[in-house]
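Source file: target.cif. Holds: mmCIF, C-alpha atoms.
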data_my_file
#
loop_
_atom_site.label_atom_id
_atom_site.label_comp_id
_atom_site.auth_asym_id
_atom_site.auth_seq_id
_atom_site.Cartn_x
_atom_site.Cartn_y
_atom_site.Cartn_z
CA MET A 1 120.96 47.49 134.19
CA ASN A 2 119.04 50.76 134.32
CA LEU A 3 118.33 52.04 137.83
CA SER A 4 114.68 52.60 137.08
CA ARG A 5 114.20 48.85 137.46
CA ARG A 6 112.41 47.91 140.65
CA HIS A 7 114.22 46.01 143.38
CA ASP A 8 112.17 43.85 145.72
CA TYR A 9 114.96 43.97 148.30
CA ASP A 10 117.65 46.50 149.09
CA VAL A 11 120.03 43.87 150.45
CA VAL A 12 120.13 40.09 150.78
CA GLY A 13 122.69 38.77 153.24
CA ILE A 14 124.27 35.32 153.08
CA GLY A 15 125.98 33.98 156.18
CA ASN A 16 126.15 31.63 159.12
CA ALA A 17 122.81 31.25 160.90
CA LEU A 18 123.82 31.06 164.56
CA VAL A 19 122.29 31.57 167.97
CA ASP A 20 124.49 33.73 170.20
CA ALA A 21 125.02 33.17 173.90
CA LEU A 22 126.68 36.24 175.43
CA THR A 23 128.28 36.20 178.85
CA ARG A 24 130.45 38.58 180.85
CA SER A 25 133.82 37.10 181.74
CA GLY A 26 137.39 37.89 182.67
CA ASP A 27 140.56 37.39 180.68
CA ALA A 28 141.38 34.31 182.77
CA THR A 29 138.28 32.51 181.46
CA ILE A 30 139.30 33.18 177.88
CA ASP A 31 142.80 31.90 178.57
CA ASP A 32 141.45 28.77 180.29
CA LEU A 33 139.29 28.02 177.25
CA GLY A 34 142.27 28.35 174.94
CA LEU A 35 140.72 31.25 173.01
CA VAL A 36 142.47 34.29 171.51
CA LYS A 37 141.04 37.49 172.97
CA GLY A 38 139.29 39.76 170.49
CA THR A 39 138.95 37.16 167.74
CA MET A 40 136.64 34.37 166.65
CA SER A 41 137.73 30.75 167.06
CA LEU A 42 135.98 27.81 165.46
CA VAL A 43 135.28 25.07 167.97
CA GLY A 44 134.02 21.53 167.61
CA LEU A 45 131.33 19.47 169.27
CA ASP A 46 133.79 18.52 172.01
CA PHE A 47 133.95 22.18 173.14
CA VAL A 48 130.14 22.40 173.21
CA GLN A 49 129.82 19.17 175.19
CA GLN A 50 132.58 20.09 177.63
CA PHE A 51 131.83 23.77 178.25
CA GLY A 52 128.41 24.59 176.75
CA SER A 53 126.33 23.68 179.79
CA LYS A 54 128.75 25.53 182.07
CA ILE A 55 128.46 28.86 180.26
CA SER A 56 125.76 31.00 181.83
CA ALA A 57 124.49 33.38 179.15
CA ASP A 58 123.40 36.91 180.05
CA THR A 59 121.86 37.37 176.60
CA HIS A 60 120.54 34.75 174.18
CA VAL A 61 119.67 35.91 170.66
CA SER A 62 119.91 34.83 167.06
CA GLY A 63 123.16 36.01 165.53
CA GLY A 64 125.81 35.48 162.92
CA SER A 65 127.69 38.35 161.29
CA ALA A 66 125.63 38.83 158.11
CA ALA A 67 122.40 38.16 160.02
CA ASN A 68 123.33 40.97 162.44
CA THR A 69 123.88 43.30 159.49
CA CYS A 70 120.51 42.34 158.03
CA ALA A 71 118.75 42.98 161.35
CA GLY A 72 120.44 46.39 161.51
CA LEU A 73 119.31 47.20 157.97
CA ALA A 74 115.74 46.24 158.82
CA SER A 75 115.84 48.47 161.90
CA LEU A 76 116.99 51.34 159.67
CA GLY A 77 114.00 50.77 157.39
CA ALA A 78 115.51 48.76 154.55
CA ASN A 79 113.75 45.89 152.84
CA VAL A 80 116.14 43.04 153.54
CA ALA A 81 116.40 39.25 153.35
CA PHE A 82 118.79 36.66 154.75
CA ILE A 83 119.93 33.26 153.50
CA GLY A 84 121.43 30.78 155.94
CA ARG A 85 121.16 27.16 157.04
CA VAL A 86 119.56 25.88 160.25
CA ALA A 87 118.45 22.47 161.46
CA LYS A 88 114.92 21.48 162.44
CA ASP A 89 115.68 21.79 166.13
CA ASP A 90 114.84 24.21 168.94
CA LEU A 91 117.71 26.56 168.15
CA GLY A 92 116.80 26.58 164.47
CA HIS A 93 113.23 27.53 165.35
CA GLU A 94 114.53 30.21 167.72
CA PHE A 95 116.74 31.69 165.02
CA GLU A 96 113.92 31.76 162.47
CA GLN A 97 111.45 33.36 164.88
CA ASP A 98 113.93 35.96 166.11
CA ILE A 99 115.21 37.16 162.75
CA SER A 100 111.67 37.30 161.38
CA ARG A 101 110.61 39.48 164.34
CA ALA A 102 113.49 41.79 163.44
CA GLY A 103 111.80 42.41 160.08
CA VAL A 104 114.09 40.26 157.93
CA THR A 105 112.77 37.86 155.31
CA PHE A 106 114.43 34.52 156.08
CA ARG A 107 114.63 31.97 153.29
CA HIS A 108 116.20 28.62 154.06
CA LYS A 109 115.96 24.95 153.36
CA ALA A 110 116.15 23.56 156.87
CA SER A 111 118.05 20.31 157.18
CA HIS A 112 116.49 17.24 158.76
CA ARG A 113 115.97 17.01 162.50
CA PRO A 114 119.46 16.14 163.77
CA HIS A 115 120.17 12.68 165.07
CA ASP A 116 123.89 13.31 165.38
CA PRO A 117 124.63 15.97 168.08
CA GLY A 118 127.03 17.65 165.69
CA ASP A 119 124.38 18.03 163.00
CA ALA A 120 122.51 20.86 164.72
CA THR A 121 121.90 24.57 164.39
CA GLY A 122 125.11 26.51 164.99
CA ARG A 123 125.80 28.57 168.07
CA CYS A 124 128.33 31.17 169.11
CA TYR A 125 129.59 31.66 172.67
CA ILE A 126 130.58 35.31 173.09
CA PHE A 127 132.69 36.33 176.07
CA VAL A 128 132.63 40.05 176.90
CA THR A 129 135.47 41.26 179.13
CA PRO A 130 135.36 44.42 181.32
CA ASP A 131 137.15 46.39 178.57
CA ALA A 132 134.10 45.66 176.33
CA GLU A 133 136.16 43.46 173.99
CA ARG A 134 134.39 40.38 172.65
CA THR A 135 135.92 36.96 172.11
CA MET A 136 133.95 34.32 170.24
CA ALA A 137 133.92 30.53 170.18
CA THR A 138 131.77 29.40 167.27
CA PHE A 139 130.32 25.96 166.69
CA LEU A 140 129.08 26.14 163.12
CA GLY A 141 126.83 23.07 163.09
CA VAL A 142 124.76 22.85 159.91
CA SER A 143 125.44 26.49 158.98
CA SER A 144 128.76 25.32 157.51
CA GLN A 145 126.86 22.99 155.17
CA LEU A 146 125.50 25.90 153.13
CA SER A 147 125.63 24.94 149.46
CA GLU A 148 124.39 26.15 146.07
CA HIS A 149 121.15 24.29 146.83
CA ASP A 150 120.51 26.70 149.71
CA ILE A 151 120.95 29.89 147.67
CA ASP A 152 117.57 31.34 146.70
CA LEU A 153 118.52 32.87 143.36
CA SER A 154 115.23 34.78 143.15
CA LEU A 155 116.29 36.75 146.24
CA VAL A 156 119.74 37.43 144.80
CA SER A 157 118.41 38.53 141.41
CA HIS A 158 115.86 40.87 143.02
CA SER A 159 118.20 42.50 145.56
CA MET A 160 120.21 45.63 144.84
CA ILE A 161 123.16 44.35 146.90
CA THR A 162 124.12 40.80 147.85
CA TYR A 163 126.14 40.94 151.08
CA LEU A 164 128.50 38.08 151.87
CA GLU A 165 129.97 37.11 155.22
CA GLY A 166 133.71 36.42 155.05
CA TYR A 167 133.43 33.75 157.72
CA LEU A 168 131.82 31.52 155.08
CA TRP A 169 135.01 31.55 153.00
CA ASP A 170 136.41 28.57 154.91
CA LEU A 171 134.94 25.50 153.20
CA ASP A 172 134.96 24.64 149.50
CA GLN A 173 131.23 23.91 149.53
CA THR A 174 130.32 27.31 150.98
CA LYS A 175 132.81 29.11 148.71
CA ASP A 176 131.12 27.52 145.71
CA ALA A 177 127.76 28.75 147.01
CA LEU A 178 129.08 32.30 147.38
CA ARG A 179 130.62 32.27 143.91
CA HIS A 180 127.27 31.09 142.57
CA ALA A 181 125.52 34.02 144.28
CA MET A 182 128.08 36.57 143.04
CA LYS A 183 127.66 35.40 139.48
CA LYS A 184 123.87 35.60 139.67
CA ALA A 185 123.96 39.07 141.24
CA HIS A 186 126.26 40.43 138.56
CA GLU A 187 124.26 38.79 135.77
CA ALA A 188 121.29 40.80 137.05
CA GLY A 189 123.38 44.00 137.00
CA HIS A 190 123.47 44.22 140.78
CA LEU A 191 126.26 44.66 143.33
CA VAL A 192 128.16 42.32 145.65
CA ALA A 193 129.56 43.37 149.02
CA ILE A 194 131.78 41.34 151.34
CA SER A 195 132.95 41.67 154.92
CA LEU A 196 136.43 40.40 155.76
CA SER A 197 134.86 39.39 159.10
CA ASP A 198 137.97 38.50 161.15
CA PRO A 199 141.77 38.70 160.99
CA PHE A 200 142.03 34.94 160.56
CA VAL A 201 139.78 35.10 157.47
CA ALA A 202 141.91 37.82 155.87
CA ASP A 203 145.11 35.97 156.71
CA ARG A 204 144.07 32.45 155.76
CA HIS A 205 142.31 33.34 152.50
CA ARG A 206 144.48 36.26 151.42
CA ASP A 207 145.07 35.28 147.80
CA GLU A 208 141.46 34.39 147.07
CA LEU A 209 140.10 37.55 148.70
CA ILE A 210 142.53 39.79 146.85
CA GLU A 211 141.53 38.05 143.62
CA LEU A 212 137.86 38.86 144.35
CA ILE A 213 138.75 42.52 144.98
CA GLU A 214 141.02 42.86 141.95
CA GLY A 215 138.37 41.24 139.77
CA SER A 216 136.42 44.50 140.06
CA ASN A 217 139.06 46.17 137.87
CA ASP A 218 138.14 44.14 134.80
CA PRO A 219 134.84 45.28 133.28
CA ASN A 220 134.94 42.25 131.00
CA LYS A 221 135.38 39.66 133.75
CA SER A 222 133.02 37.07 132.35
CA ASP A 223 132.49 34.77 135.33
CA GLY A 224 130.98 37.51 137.53
CA VAL A 225 132.93 36.29 140.56
CA PHE A 226 134.20 39.52 142.11
CA VAL A 227 133.11 42.08 144.70
CA ASP A 228 132.13 45.75 144.44
CA VAL A 229 132.11 46.79 148.11
CA VAL A 230 134.51 45.73 150.89
CA PHE A 231 134.20 46.11 154.67
CA GLY A 232 136.96 45.45 157.18
CA ASN A 233 138.86 46.82 160.14
CA GLU A 234 142.46 47.90 160.56
CA ASP A 235 143.76 44.48 161.59
CA GLU A 236 141.93 42.65 158.80
CA VAL A 237 143.06 44.98 156.02
CA SER A 238 146.65 45.06 157.32
CA LEU A 239 146.79 41.27 157.39
CA LEU A 240 145.19 41.03 153.96
CA TYR A 241 147.97 43.08 152.37
CA GLN A 242 150.66 42.27 154.97
CA CYS A 243 151.63 45.87 155.61
CA GLU A 244 150.74 48.87 157.77
CA PHE A 245 147.12 50.04 157.62
CA SER A 246 147.83 53.21 155.64
CA SER A 247 149.70 51.27 152.96
CA ALA A 248 147.09 48.51 152.95
CA ALA A 249 144.29 51.04 152.52
CA GLU A 250 146.19 52.62 149.63
CA ARG A 251 146.53 49.24 147.92
CA LEU A 252 142.85 48.54 148.43
CA SER A 253 141.88 51.94 147.02
CA ALA A 254 143.70 51.14 143.78
CA ASN A 255 140.82 48.80 142.93
CA ASN A 256 137.41 49.63 141.51
CA VAL A 257 135.63 49.05 144.82
CA ILE A 258 134.01 51.11 147.53
CA ALA A 259 135.59 50.33 150.90
CA GLY A 260 134.32 51.09 154.41
CA LEU A 261 137.05 50.50 156.99
CA THR A 262 136.53 50.76 160.74
CA GLN A 263 139.31 51.96 163.04
CA GLY A 264 137.88 51.51 166.53
CA ALA A 265 138.05 54.64 168.66
CA LYS A 266 139.66 56.51 165.74
CA GLY A 267 136.47 56.28 163.68
CA SER A 268 136.21 55.01 160.12
CA THR A 269 137.50 55.71 156.65
CA ALA A 270 135.77 55.15 153.33
CA PHE A 271 137.05 55.57 149.81
CA TYR A 272 136.32 55.03 146.17
CA ARG A 273 139.25 55.54 143.81
CA ASP A 274 140.70 59.00 144.58
CA GLU A 275 137.98 60.07 147.01
CA THR A 276 138.62 59.46 150.71
CA VAL A 277 136.53 60.52 153.70
CA HIS A 278 137.08 60.02 157.41
CA VAL A 279 134.49 60.16 160.19
CA ASP A 280 135.45 60.31 163.85
CA SER A 281 133.93 57.81 166.24
CA ARG A 282 130.90 58.97 168.18
CA LYS A 283 131.35 60.12 171.76
CA LEU A 284 129.76 57.67 174.18
CA SER A 285 129.38 57.70 177.94
CA GLY A 286 130.63 54.13 177.97
CA VAL A 287 131.28 51.12 175.75
CA ILE A 288 129.57 47.98 177.06
CA ASP A 289 130.10 45.34 174.39
CA THR A 290 131.81 45.61 170.98
CA THR A 291 130.01 42.53 169.60
CA GLY A 292 128.47 43.37 166.26
CA ALA A 293 130.11 46.80 165.89
CA GLY A 294 131.49 46.00 162.43
CA ASP A 295 128.26 44.26 161.43
CA LEU A 296 126.17 47.32 162.29
CA TYR A 297 128.65 49.69 160.67
CA ALA A 298 128.14 47.72 157.46
CA ALA A 299 124.37 47.97 157.96
CA GLY A 300 124.43 51.75 158.22
CA PHE A 301 126.84 52.10 155.31
CA LEU A 302 124.83 49.83 153.01
CA PHE A 303 121.62 51.59 154.00
CA GLY A 304 123.14 54.88 152.88
CA MET A 305 124.30 53.35 149.61
CA THR A 306 120.96 51.77 148.72
CA ARG A 307 118.97 54.92 149.54
CA GLN A 308 121.24 57.02 147.37
CA LEU A 309 121.36 54.59 144.46
CA SER A 310 117.58 54.17 144.53
CA SER A 311 117.16 57.90 143.94
CA ILE A 312 119.21 57.79 140.71
CA SER A 313 117.33 56.88 137.54
CA THR A 314 120.03 56.49 134.89
CA GLY A 315 123.05 54.28 134.36
CA THR A 316 124.07 51.06 136.08
CA LEU A 317 124.62 50.75 139.81
CA LYS A 318 128.39 50.58 139.40
CA GLU A 319 128.46 53.54 137.03
CA ASN A 320 126.96 55.67 139.79
CA PHE A 321 129.57 54.89 142.45
CA GLU A 322 131.13 58.33 141.98
CA ARG A 323 127.81 59.93 142.92
CA ILE A 324 127.57 58.14 146.26
CA ASN A 325 127.95 60.37 149.31
CA LEU A 326 130.57 58.40 151.24
CA GLN A 327 130.44 60.87 154.13
CA GLN A 328 126.78 60.07 154.76
CA CYS A 329 127.44 56.32 154.46
CA CYS A 330 130.21 56.55 157.06
CA GLU A 331 128.11 58.64 159.43
CA LEU A 332 125.20 56.19 159.20
CA GLY A 333 127.58 53.31 159.85
CA SER A 334 129.14 55.10 162.78
CA LEU A 335 125.77 55.84 164.38
CA ALA A 336 124.54 52.26 164.00
CA ALA A 337 127.80 50.91 165.45
CA ALA A 338 127.65 53.36 168.36
CA GLU A 339 124.17 52.16 169.29
CA ILE A 340 125.19 48.51 169.28
CA ILE A 341 128.26 48.93 171.51
CA SER A 342 126.23 50.83 174.12
CA HIS A 343 124.60 47.60 175.36
CA MET A 344 125.06 43.85 175.46
CA GLY A 345 124.20 41.96 172.30
CA SER A 346 124.49 42.48 168.57
CA ARG A 347 120.92 43.54 167.78
CA PRO A 348 119.65 47.14 168.11
CA LYS A 349 117.67 48.01 171.25
CA VAL A 350 115.98 51.00 169.59
CA SER A 351 114.69 51.78 166.11
CA LEU A 352 117.75 52.80 164.15
CA GLY A 353 115.49 54.44 161.58
CA LYS A 354 114.08 56.81 164.22
CA LEU A 355 117.56 57.39 165.60
CA VAL A 356 119.15 58.44 162.29
CA ARG A 357 116.18 60.71 161.55
CA SER A 358 116.46 62.37 164.97
CA GLU A 359 120.13 63.00 164.19
CA GLY A 360 119.23 64.53 160.83
CA LEU A 361 121.28 61.99 158.85
CA ILE A 362 118.31 61.12 156.63
CA SER A 363 114.99 62.81 156.02
#
Please re-express this file's structure in structure tokens.
Amino acid sequence: MNLSRRHDYDVVGIGNALVDALTRSGDATIDDLGLVKGTMSLVGLDFVQQFGSKISADTHVSGGSAANTCAGLASLGANVAFIGRVAKDDLGHEFEQDISRAGVTFRHKASHRPHDPGDATGRCYIFVTPDAERTMATFLGVSSQLSEHDIDLSLVSHSMITYLEGYLWDLDQTKDALRHAMKKAHEAGHLVAISLSDPFVADRHRDELIELIEGSNDPNKSDGVFVDVVFGNEDEVSLLYQCEFSSAAERLSANNVIAGLTQGAKGSTAFYRDETVHVDSRKLSGVIDTTGAGDLYAAGFLFGMTRQLSSISTGTLKENFERINLQQCCELGSLAAAEIISHMGSRPKVSLGKLVRSEGLIS
């Protein structure tokens, strides 16, 4: 595909459509709930019925990993859409209204009004401890029922990058939907990005994820089911390749993908083939809540990629990877992540577009 072709959207995200309830808590609460600090645990309706009404939320906002990234992209000034599944209930309406206010086009085929309590819009209980670490208990509800029927192929075929949430790689039905979207994106000559999302995702689906990454090495891969861009953190990448981070990053860099890897207080590293850049983390007066840090890093990084690729008029998107300024992508990701961890919640409190311009990162 020639880059002179017009894209209606810079990015379309596909992920779990959830409503987040954030609350400050201590380690003892997390232990009592049987959760693993710093990770996401899937919980059932029994958890919601037993603990949901007892959790007093400090912040209530639409969420979900890919949806957070899309909201961050919109705040930066990108034209972005999101595909997810909600029910026709109060939380579903809340999610739709909130993400639309954030400037994101939301396309969905809402399920029927739930009669079964378990057939409802998903929600995520996020516990933020004094060290700013976040621990999540996620009730997926109807978001886990995402299928090929829910994928708006017109959005995928008219978006420069289709961004997939790794959390969805847990059910055969949702995996089929993501494969369907990858194939359509690549048929249109566009790119596919994926976030590893959580250590348990990288560990549980190791072989399939590595297959998606290694598929980028074969220019003749006919099914189109592979990824071009990978996001993850140190723990996720180390678990994916079952070795130390430096060795894992080296193995990942052997593939024909761009990777943006976050390293907490140590900053982030990005690479494509033999090129590697590192950006230190931004100095902050204090870290309040790390919820959404990786999501917003991906938003900044993808924003940098799409701006740069849009300014190139020849060749395919993939053929221009070597011309992408990874340093700028990392710096944009770092700035977006720094803003999100400076307050409670996973949605920007200020215009990220104004912020990156005031910092001189974009003109």
Closest of A:Val19, A:Val142, A:Met136, A:Leu73 to Glu96 (chain A) - atom-to-atom distances counting only C-alpha atoms
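Using only C-alpha atoms, the shortest distance to Glu96 (chain A) belongs to A:Val19.
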Please expand the PyMOL selection byres ((chain A and resi 131) around 9) into the concrete residues it hits in this file, giving the result as a PyMOL selection string.
chain A and resi 128-130+132-134+287-289
Writing out the chosen residues with C-alpha atoms as an mmCIF file, in the coordinates of the input:
data_model
loop_
_atom_site.group_PDB
_atom_site.id
_atom_site.type_symbol
_atom_site.label_atom_id
_atom_site.label_comp_id
_atom_site.auth_asym_id
_atom_site.auth_seq_id
_atom_site.Cartn_x
_atom_site.Cartn_y
_atom_site.Cartn_z
ATOM 1 C CA VAL A 128 132.630 40.050 176.900
ATOM 2 C CA THR A 129 135.470 41.260 179.130
ATOM 3 C CA PRO A 130 135.360 44.420 181.320
ATOM 4 C CA ALA A 132 134.100 45.660 176.330
ATOM 5 C CA GLU A 133 136.160 43.460 173.990
ATOM 6 C CA ARG A 134 134.390 40.380 172.650
ATOM 7 C CA VAL A 287 131.280 51.120 175.750
ATOM 8 C CA ILE A 288 129.570 47.980 177.060
ATOM 9 C CA ASP A 289 130.100 45.340 174.390
#
So that I can see what lies close to Gly44 (chain A), please list as number ranges by chain the residues with an atom at most 10 Å from it, counting all atoms listed in the file and leaving out residues fewer than 5 positions away in the same chain.
A: 49, 118, 137-141
Around (142.3, 48.6, 143.7), as given in the file, which residues come within 12 Å? Count all atoms listed in the file and list them as a ChimeraX atom specification.
/A:210-218,227-230,241,248-259,271-274
For C-alpha atoms, I'd like the residues from the last selection saved as a PDB file, in the frame of the given file.
ATOM      1  CA  ILE A 210     142.530  39.790 146.850  1.00  0.00           C
ATOM      2  CA  GLU A 211     141.530  38.050 143.620  1.00  0.00           C
ATOM      3  CA  LEU A 212     137.860  38.860 144.350  1.00  0.00           C
ATOM      4  CA  ILE A 213     138.750  42.520 144.980  1.00  0.00           C
ATOM      5  CA  GLU A 214     141.020  42.860 141.950  1.00  0.00           C
ATOM      6  CA  GLY A 215     138.370  41.240 139.770  1.00  0.00           C
ATOM      7  CA  SER A 216     136.420  44.500 140.060  1.00  0.00           C
ATOM      8  CA  ASN A 217     139.060  46.170 137.870  1.00  0.00           C
ATOM      9  CA  ASP A 218     138.140  44.140 134.800  1.00  0.00           C
ATOM     10  CA  VAL A 227     133.110  42.080 144.700  1.00  0.00           C
ATOM     11  CA  ASP A 228     132.130  45.750 144.440  1.00  0.00           C
ATOM     12  CA  VAL A 229     132.110  46.790 148.110  1.00  0.00           C
ATOM     13  CA  VAL A 230     134.510  45.730 150.890  1.00  0.00           C
ATOM     14  CA  TYR A 241     147.970  43.080 152.370  1.00  0.00           C
ATOM     15  CA  ALA A 248     147.090  48.510 152.950  1.00  0.00           C
ATOM     16  CA  ALA A 249     144.290  51.040 152.520  1.00  0.00           C
ATOM     17  CA  GLU A 250     146.190  52.620 149.630  1.00  0.00           C
ATOM     18  CA  ARG A 251     146.530  49.240 147.920  1.00  0.00           C
ATOM     19  CA  LEU A 252     142.850  48.540 148.430  1.00  0.00           C
ATOM     20  CA  SER A 253     141.880  51.940 147.020  1.00  0.00           C
ATOM     21  CA  ALA A 254     143.700  51.140 143.780  1.00  0.00           C
ATOM     22  CA  ASN A 255     140.820  48.800 142.930  1.00  0.00           C
ATOM     23  CA  ASN A 256     137.410  49.630 141.510  1.00  0.00           C
ATOM     24  CA  VAL A 257     135.630  49.050 144.820  1.00  0.00           C
ATOM     25  CA  ILE A 258     134.010  51.110 147.530  1.00  0.00           C
ATOM     26  CA  ALA A 259     135.590  50.330 150.900  1.00  0.00           C
ATOM     27  CA  PHE A 271     137.050  55.570 149.810  1.00  0.00           C
ATOM     28  CA  TYR A 272     136.320  55.030 146.170  1.00  0.00           C
ATOM     29  CA  ARG A 273     139.250  55.540 143.810  1.00  0.00           C
ATOM     30  CA  ASP A 274     140.700  59.000 144.580  1.00  0.00           C
TER      31      ASP A 274
END
Residue neighbourhood Gly304 (chain A), 8 Å, only C-alpha atoms, exclusion window fewer than 4 positions, as a PyMOL selection string:
chain A and resi 300+308+328-329+332
CA of Met305 (chain A) to CA of Leu326 (chain A): how many Å, to one decimal?
8.2 Å
Between CA of Tyr163 (chain A) and CA of Ala193 (chain A) - distance in Å to one decimal
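Between CA of Ala193 (chain A) and CA of Tyr163 (chain A) the gap is 4.7 Å.
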On this structure, the PyMOL selection byres ((chain A and resi 233) around 6) would catch which residues? List them as a PyMOL selection string, sorted by chain and number.
chain A and resi 232+234-236+261-263
What separation in Å, quoted to one decimal, exists between CA of Asp207 (chain A) and CA of Ala66 (chain A)?
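One can read the CA of Asp207 (chain A) to CA of Ala66 (chain A) distance as 22.3 Å.
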Would you list the residues near (139.3, 32.7, 161.4) (no more than 8 Å away, in the coordinates of the file, using all atoms listed in the file) as a list in words?
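Taken together, the residues in range are Thr39, Met40, Ser41, Leu42, Tyr167, Asp198, Pro199, Phe200, Val201, Ala202 and Arg204 of chain A.
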Just-selected residues, C-alpha atoms written as an mmCIF file, in the coordinates of the input:
data_model
loop_
_atom_site.group_PDB
_atom_site.id
_atom_site.type_symbol
_atom_site.label_atom_id
_atom_site.label_comp_id
_atom_site.auth_asym_id
_atom_site.auth_seq_id
_atom_site.Cartn_x
_atom_site.Cartn_y
_atom_site.Cartn_z
ATOM 1 C CA THR A 39 138.950 37.160 167.740
ATOM 2 C CA MET A 40 136.640 34.370 166.650
ATOM 3 C CA SER A 41 137.730 30.750 167.060
ATOM 4 C CA LEU A 42 135.980 27.810 165.460
ATOM 5 C CA TYR A 167 133.430 33.750 157.720
ATOM 6 C CA ASP A 198 137.970 38.500 161.150
ATOM 7 C CA PRO A 199 141.770 38.700 160.990
ATOM 8 C CA PHE A 200 142.030 34.940 160.560
ATOM 9 C CA VAL A 201 139.780 35.100 157.470
ATOM 10 C CA ALA A 202 141.910 37.820 155.870
ATOM 11 C CA ARG A 204 144.070 32.450 155.760
#
Quick check on the file I pasted: which residues fall under the PyMOL selection byres ((chain A and resi 71) around 12)? Write them as a PyMOL selection string.
chain A and resi 11-13+61-70+72-82+98-106+292+295-300+303+336+340+346-353
Report as AutoDock Vina command-line options the centre and the edge lengths, in Å to one decimal, of the axis-aligned box holding every listed atom of region 232-251 of chain A, padded by 6 Å on each side.
--center_x 144.3 --center_y 47.1 --center_z 154.8 --size_x 26.7 --size_y 24.2 --size_z 25.7
Selection: 8 Å around Ala120 (chain A), all atoms listed in the file, excl. self and same-chain fewer than 2 positions, as a list in words:
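Listing them by chain and then by number gives Val86, Ala87, Lys88, Asp89, Arg113, Pro114, Asp116, Pro117, Gly118, Gly122, Gly141 and Val142 of chain A.
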At a cut-off of 12 Å, using all atoms listed in the file, what residues contact Leu33 (chain A)? Leave out same-chain residues fewer than 3 positions from it and give the result as a VMD selection string.
chain A and resid 25 to 30 36 to 37 41 43 47 to 48 50 to 52 54 to 55 125 127 135 to 137
Of the listed residues A:Met182, A:Met344, A:Leu35, A:Val356, that which approaches Thr23 (chain A) most closely, counting only C-alpha atoms
A:Met344
Option closest in space to Ser268 (chain A), from A:Leu191, A:Leu335, A:Leu155, A:Val225 [counting only C-alpha atoms]:
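Checking each candidate against Ser268 (chain A), we get A:Leu335 as the closest.
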Find, counting all atoms listed in the file, the residue in A:Ile151, A:Leu317, A:Leu168, A:Ala17 that gets nearest to Glu94 (chain A).
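The answer is A:Ala17, which sits nearest to Glu94 (chain A).
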If you keep N, CA and C atoms, can you output region 128-139 of chain A as a PDB file, in the first residue's frame?
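File written: out29.pdb
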ATOM      1  N   VAL A 128      -5.239   0.643  44.760  1.00  0.00           N
ATOM      2  CA  VAL A 128      -3.983   1.393  44.697  1.00  0.00           C
ATOM      3  C   VAL A 128      -3.406   1.487  46.105  1.00  0.00           C
ATOM      4  N   THR A 129      -2.230   0.898  46.294  1.00  0.00           N
ATOM      5  CA  THR A 129      -1.574   0.882  47.605  1.00  0.00           C
ATOM      6  C   THR A 129      -0.700   2.132  47.776  1.00  0.00           C
ATOM      7  N   PRO A 130      -0.263   2.439  49.004  1.00  0.00           N
ATOM      8  CA  PRO A 130       0.526   3.660  49.244  1.00  0.00           C
ATOM      9  C   PRO A 130       1.787   3.775  48.404  1.00  0.00           C
ATOM     10  N   ASP A 131       2.329   2.644  47.911  1.00  0.00           N
ATOM     11  CA  ASP A 131       3.513   2.698  47.054  1.00  0.00           C
ATOM     12  C   ASP A 131       3.149   2.978  45.593  1.00  0.00           C
ATOM     13  N   ALA A 132       1.892   3.297  45.329  1.00  0.00           N
ATOM     14  CA  ALA A 132       1.349   3.654  44.007  1.00  0.00           C
ATOM     15  C   ALA A 132       1.174   2.455  43.094  1.00  0.00           C
ATOM     16  N   GLU A 133       1.424   1.241  43.591  1.00  0.00           N
ATOM     17  CA  GLU A 133       1.217   0.046  42.782  1.00  0.00           C
ATOM     18  C   GLU A 133      -0.275  -0.227  42.653  1.00  0.00           C
ATOM     19  N   ARG A 134      -0.680  -0.759  41.488  1.00  0.00           N
ATOM     20  CA  ARG A 134      -2.090  -1.071  41.291  1.00  0.00           C
ATOM     21  C   ARG A 134      -2.269  -2.574  41.138  1.00  0.00           C
ATOM     22  N   THR A 135      -3.336  -3.057  41.770  1.00  0.00           N
ATOM     23  CA  THR A 135      -3.713  -4.468  41.703  1.00  0.00           C
ATOM     24  C   THR A 135      -5.150  -4.524  41.218  1.00  0.00           C
ATOM     25  N   MET A 136      -5.429  -5.371  40.240  1.00  0.00           N
ATOM     26  CA  MET A 136      -6.738  -5.342  39.595  1.00  0.00           C
ATOM     27  C   MET A 136      -7.484  -6.666  39.736  1.00  0.00           C
ATOM     28  N   ALA A 137      -8.769  -6.551  39.992  1.00  0.00           N
ATOM     29  CA  ALA A 137      -9.679  -7.696  39.977  1.00  0.00           C
ATOM     30  C   ALA A 137     -10.721  -7.402  38.898  1.00  0.00           C
ATOM     31  N   THR A 138     -10.702  -8.178  37.831  1.00  0.00           N
ATOM     32  CA  THR A 138     -11.519  -7.860  36.661  1.00  0.00           C
ATOM     33  C   THR A 138     -12.626  -8.884  36.445  1.00  0.00           C
ATOM     34  N   PHE A 139     -13.842  -8.378  36.419  1.00  0.00           N
ATOM     35  CA  PHE A 139     -15.008  -9.169  36.030  1.00  0.00           C
ATOM     36  C   PHE A 139     -15.327  -8.794  34.590  1.00  0.00           C
TER      37      PHE A 139
END
